[in-house]
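Here is the structure we will look at.
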Amino acid sequence: MEPKVKNKAVAPLQISAEQILLEAYERREQTIKAPQQKILDSEELREFQGRKRTEFENGIRRNKVNTRQWLRYAQFEIDQKEYARARSLFERALTEHPEAIEIWLRYIQTELKERNVNHARNVLDRSVTHLPRVDKLWYTYVMVEETLDNINGCRQVFERWMKWRPDSGAWGAYINMEKRHGNIERARSIFERFTVVHPSADNWVKWARFEEESGTPSDVRQVYENAVEIAMAQGIESVDEKLLVNWTKWETRQREFERARAIYKMFLEQLPASKAKKLYNEYTRFEKQFGDKDGIEDVILSKRRKEYELRLQEDPRDYDSWFSYLGLLEETSATEDAIREVYERAISNYPEEMAKDAWRRYIYLWIRYAVYEELTTNDTERARQVYQQCLKLVPHKIFTFGKLWLLYAKFELRQGDLPLARKILGRGLGVSGGKPSIFKGYIELERKLKEFDRCRKLYEKYLETYPEQPNGWVEYGTLEQELGDEERARGIYEIAISQSQMAKPEMVWKRYIEFEAEEGNYDLARKLFERLLSKTGNVKVWISYAMFELTVDYSDDNEEEEEEEEVQVTEQNITEARKVFERAWEELKKSKQESRVILHDAWMQFEERYGNAETQEQVAKHKPLLTKKRRKLEDGSFEEYMDYIFPTDEQAQKVSKFLQMARKWRQEKS
């Protein structure tokens, strides 16, 4: 029976959703707008300019390494039409950052916009002199000269550039410039120098195409002949097949079929098969169009087959030769039955040794066989049989191959059988005893399918099997962080750091601290540092702790900053980092002297970057002194050794006071 519904009275006044939204919009709070400052006279303008300049100068004084601060200051002066000041700022910035390409380019663009062409040329000349390996500055220089129609000057800049032997793009720009202005002979001479500096096949082909557009057929042929002659002088293996393919294609376009055929035959006989794969394919296409297909295939295939057959008769377990042989058959027009027959012969040669290294190449033959049946012949059932037969052959009690299980599972997944793929991976884990590669592949599969509960179960099994491997803990915690489960991720890291037999525990500690910092839990990150220090007290941990304090965000503004802006280090960051260094110095007094030396170097570098003269002087007082000492050996002899003395230690001060008294007594005695 249907439940009875009581009738409810309808309200006399109906309010629509549109009216509610309209009323909420009308009653919204007004946003606070920043006040606009209006400048009414020159005195106010000077006051405004002085205030802004003071702000910029203070900003530069606090952080000179921020090049954007310099550029903003210079842009302000440009907006105020104070070009002399802007130029002075650019010069100051280049004094501080002579390697900053952005400052050079902005300086040049400013001078060009104000039509200070000669000054822009001077800056360009200085930039390429100081940074001759920066192509962007050279490109700007030649573009300016060509825009000003100063072709001779542009050519001179290119010549200066070419002395540094830049990459192919620079040479191409030089050649294109000469082509634009109709200097074909100059372009040809540049190509000659270009191929000497960069004698690659691509560059020779570019020259040949240039001659094809601007020269005669004899010029093109001469280029190809020179290229091949120079390559053969270093050995036949140095001849690039790409050069030969382009040469034969050009000869074919010129209707010189016999000439092209002669080139094909000569180099196919001389070049190794591994370096002439594309040439073989092009020759086959050529003969299909202009010659006898059967004849050329018989020549090529029979010759190579004889070589491989002789080699495999001597050593039937030379799996590399089997790979090459099968590659030759697959690339030619051999029938599927012929290729399958060679595959069957290859996999029938079992390795003699029961070692994994001996079996690895053999298993790859099976994998290639399965891939061939799946992708080339499209026979999925035969490919499945290949995988199943291969898994039966592998001695799983001695060793197994995780890649084989993963490939078989992915094959079934491509056939749309997800349960079978999972079953294969589960079987692989059981047979292999939980091989890490199978675990990772299984987890990755479930992760792509968004089956995160399965991922968790697999990670738990993985960590039960391999609790000493840090990668599993880190990846599991990262997964939970990406899923937004902060407490679960924290629990995983806590269990990880409590493991006593962890291979590299520092990886887990590092990721745990990064996790808390990424989540904004800086206090928890500090507690982790304190726990780690209580365990190890390592000097590297102290230094990492101090550097962490520089990255803490103490601002109340939660808006994301632009990615291009650098992290601003505040005075509070510097103070907290300095406190960590001071604590470390006191805590490490009882540790090895090398740790204190490392800490002092890091502390000094910190003060040089973020401190002032006073703090640097205080740290410099702690600088260890390397002295020569003597100690008595067991046989009664003495040996000299080098040791550190720390001036601020009480023992070092007593020794220093004793030495002063000894010197004073000696002076009085004399």
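Chain labels follow the order of the structure tokens: the first chain is A, the next B, and so on; residue numbering restarts at 1 in every chain, and ligands are counted from 1 in their shown order.
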Exercise for the section: Write out as a list in words each polymer residue whose atoms come within 12 Å of Val205 (chain A), counting only C-alpha atoms; drop sequence neighbours fewer than 4 positions from it. Expected result: Phe191, Thr195, Pro199, Ser200, Ala201, Arg209, Phe210, Glu211, Glu212, Val220, Arg221, Gln222, Val223, Tyr224, Glu225, Asn226, Ala227, Val228, Asp240, Glu241, Lys242, Leu243, Leu244, Val245, Asn246, Trp247, Thr248, Lys249 and Trp250 of chain A
When you look at Ser324 (chain A) with a cut-off of 12 Å (counting only C-alpha atoms), what residues show up, excluding the ones that are within fewer than 4 positions of it in the same chain? I need them as an mmCIF file with C-alpha atoms, in the first residue's frame.
```cif
data_model
loop_
_atom_site.group_PDB
_atom_site.id
_atom_site.type_symbol
_atom_site.label_atom_id
_atom_site.label_comp_id
_atom_site.auth_asym_id
_atom_site.auth_seq_id
_atom_site.Cartn_x
_atom_site.Cartn_y
_atom_site.Cartn_z
ATOM 1 C CA PRO A 272 76.562 -3.007 -41.696
ATOM 2 C CA ALA A 273 72.926 -4.086 -41.581
ATOM 3 C CA SER A 274 72.357 -2.207 -38.328
ATOM 4 C CA LYS A 275 73.312 1.090 -40.006
ATOM 5 C CA LYS A 277 67.863 -0.260 -42.175
ATOM 6 C CA ARG A 304 71.821 -11.432 -44.822
ATOM 7 C CA ARG A 305 70.166 -14.744 -44.129
ATOM 8 C CA GLU A 307 75.338 -14.467 -42.625
ATOM 9 C CA TYR A 308 72.923 -15.021 -39.752
ATOM 10 C CA GLU A 309 72.481 -18.715 -40.443
ATOM 11 C CA ARG A 311 76.574 -17.322 -37.170
ATOM 12 C CA LEU A 312 73.703 -19.206 -35.486
ATOM 13 C CA ASP A 318 73.523 -16.236 -29.570
ATOM 14 C CA TYR A 319 70.259 -14.452 -28.778
ATOM 15 C CA ASP A 320 71.510 -11.095 -30.065
ATOM 16 C CA LEU A 328 65.706 -8.290 -40.850
ATOM 17 C CA LEU A 329 62.819 -10.644 -41.681
ATOM 18 C CA GLU A 330 60.176 -8.345 -40.211
ATOM 19 C CA GLU A 331 61.472 -5.329 -42.120
ATOM 20 C CA VAL A 342 62.422 -18.499 -37.181
ATOM 21 C CA TYR A 343 60.768 -17.479 -33.901
ATOM 22 C CA ALA A 346 64.927 -19.268 -31.650
ATOM 23 C CA LEU A 365 62.725 -13.456 -27.406
ATOM 24 C CA ARG A 368 59.076 -10.163 -28.852
#
```
Exercise for the section: Give me the residues within 12 Å of region 445-459 of chain A as a ChimeraX atom specification, counting only C-alpha atoms and dropping any in the same chain fewer than 4 places off. Expected result: /A:406-407,409-410,413,418-419,421-422,425-426,429,434,436,438-441,463-467,471-480,482-483,485,488-489,492
Need the shell around Glu506 (chain A): protein/DNA/RNA residues with any atom at most 10 Å away, counting only C-alpha atoms. Skip same-chain ones fewer than 4 positions apart. Format as a PDB file with all heavy atoms, in the first residue's frame?
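That gives us result-v5.pdb:
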```pdb
ATOM      1  N   PRO A 470      62.303   1.910   1.707  1.00  0.00           N
ATOM      2  CA  PRO A 470      61.652   3.206   1.968  1.00  0.00           C
ATOM      3  C   PRO A 470      60.741   3.666   0.843  1.00  0.00           C
ATOM      4  O   PRO A 470      59.820   4.444   1.079  1.00  0.00           O
ATOM      5  CB  PRO A 470      62.842   4.157   2.139  1.00  0.00           C
ATOM      6  CG  PRO A 470      63.945   3.540   1.336  1.00  0.00           C
ATOM      7  CD  PRO A 470      63.743   2.060   1.443  1.00  0.00           C
ATOM      8  N   ILE A 497      58.839   5.528  10.092  1.00  0.00           N
ATOM      9  CA  ILE A 497      60.030   5.967  10.833  1.00  0.00           C
ATOM     10  C   ILE A 497      60.260   5.124  12.084  1.00  0.00           C
ATOM     11  O   ILE A 497      61.330   5.200  12.694  1.00  0.00           O
ATOM     12  CB  ILE A 497      59.939   7.458  11.198  1.00  0.00           C
ATOM     13  CG1 ILE A 497      58.738   7.719  12.104  1.00  0.00           C
ATOM     14  CG2 ILE A 497      59.867   8.310   9.948  1.00  0.00           C
ATOM     15  CD1 ILE A 497      58.621   9.165  12.547  1.00  0.00           C
ATOM     16  N   MET A 502      65.006  -0.246   8.485  1.00  0.00           N
ATOM     17  CA  MET A 502      64.822   0.506   7.245  1.00  0.00           C
ATOM     18  C   MET A 502      66.166   0.683   6.536  1.00  0.00           C
ATOM     19  O   MET A 502      67.171   1.013   7.155  1.00  0.00           O
ATOM     20  CB  MET A 502      64.204   1.881   7.538  1.00  0.00           C
ATOM     21  CG  MET A 502      63.842   2.695   6.311  1.00  0.00           C
ATOM     22  SD  MET A 502      62.440   2.009   5.426  1.00  0.00           S
ATOM     23  CE  MET A 502      61.130   2.334   6.575  1.00  0.00           C
ATOM     24  N   LYS A 510      62.889  12.619   5.390  1.00  0.00           N
ATOM     25  CA  LYS A 510      62.879  13.791   4.498  1.00  0.00           C
ATOM     26  C   LYS A 510      61.491  13.997   3.896  1.00  0.00           C
ATOM     27  O   LYS A 510      60.970  15.109   3.857  1.00  0.00           O
ATOM     28  CB  LYS A 510      63.917  13.595   3.392  1.00  0.00           C
ATOM     29  CG  LYS A 510      64.026  14.742   2.404  1.00  0.00           C
ATOM     30  CD  LYS A 510      65.148  14.465   1.407  1.00  0.00           C
ATOM     31  CE  LYS A 510      65.294  15.601   0.398  1.00  0.00           C
ATOM     32  NZ  LYS A 510      64.116  15.709  -0.489  1.00  0.00           N
ATOM     33  N   ARG A 511      60.868  12.898   3.402  1.00  0.00           N
ATOM     34  CA  ARG A 511      59.548  13.032   2.791  1.00  0.00           C
ATOM     35  C   ARG A 511      58.485  13.404   3.819  1.00  0.00           C
ATOM     36  O   ARG A 511      57.570  14.166   3.525  1.00  0.00           O
ATOM     37  CB  ARG A 511      59.180  11.716   2.105  1.00  0.00           C
ATOM     38  CG  ARG A 511      57.841  11.751   1.416  1.00  0.00           C
ATOM     39  CD  ARG A 511      57.841  12.738   0.268  1.00  0.00           C
ATOM     40  NE  ARG A 511      56.488  13.037  -0.182  1.00  0.00           N
ATOM     41  CZ  ARG A 511      55.958  14.246  -0.239  1.00  0.00           C
ATOM     42  NH1 ARG A 511      56.670  15.286   0.130  1.00  0.00           N
ATOM     43  NH2 ARG A 511      54.735  14.424  -0.659  1.00  0.00           N
ATOM     44  N   TYR A 512      58.616  12.879   5.051  1.00  0.00           N
ATOM     45  CA  TYR A 512      57.672  13.200   6.116  1.00  0.00           C
ATOM     46  C   TYR A 512      57.720  14.693   6.435  1.00  0.00           C
ATOM     47  O   TYR A 512      56.683  15.365   6.547  1.00  0.00           O
ATOM     48  CB  TYR A 512      58.013  12.365   7.343  1.00  0.00           C
ATOM     49  CG  TYR A 512      56.940  12.348   8.417  1.00  0.00           C
ATOM     50  CD1 TYR A 512      55.741  13.014   8.258  1.00  0.00           C
ATOM     51  CD2 TYR A 512      57.143  11.668   9.595  1.00  0.00           C
ATOM     52  CE1 TYR A 512      54.763  12.990   9.235  1.00  0.00           C
ATOM     53  CE2 TYR A 512      56.168  11.629  10.595  1.00  0.00           C
ATOM     54  CZ  TYR A 512      54.973  12.308  10.401  1.00  0.00           C
ATOM     55  OH  TYR A 512      54.016  12.284  11.377  1.00  0.00           O
ATOM     56  N   LEU A 532      64.219  13.780  14.998  1.00  0.00           N
ATOM     57  CA  LEU A 532      65.326  13.231  14.220  1.00  0.00           C
ATOM     58  C   LEU A 532      66.662  13.610  14.840  1.00  0.00           C
ATOM     59  O   LEU A 532      67.600  12.801  14.877  1.00  0.00           O
ATOM     60  CB  LEU A 532      65.234  13.740  12.776  1.00  0.00           C
ATOM     61  CG  LEU A 532      66.286  13.228  11.799  1.00  0.00           C
ATOM     62  CD1 LEU A 532      66.277  11.705  11.743  1.00  0.00           C
ATOM     63  CD2 LEU A 532      66.055  13.807  10.410  1.00  0.00           C
ATOM     64  N   VAL A 541      71.461  17.259   9.412  1.00  0.00           N
ATOM     65  CA  VAL A 541      70.087  17.492   9.870  1.00  0.00           C
ATOM     66  C   VAL A 541      69.955  18.895  10.442  1.00  0.00           C
ATOM     67  O   VAL A 541      68.961  19.590  10.201  1.00  0.00           O
ATOM     68  CB  VAL A 541      69.690  16.424  10.905  1.00  0.00           C
ATOM     69  CG1 VAL A 541      68.264  16.652  11.376  1.00  0.00           C
ATOM     70  CG2 VAL A 541      69.829  15.038  10.314  1.00  0.00           C
TER      71      VAL A 541
END
```
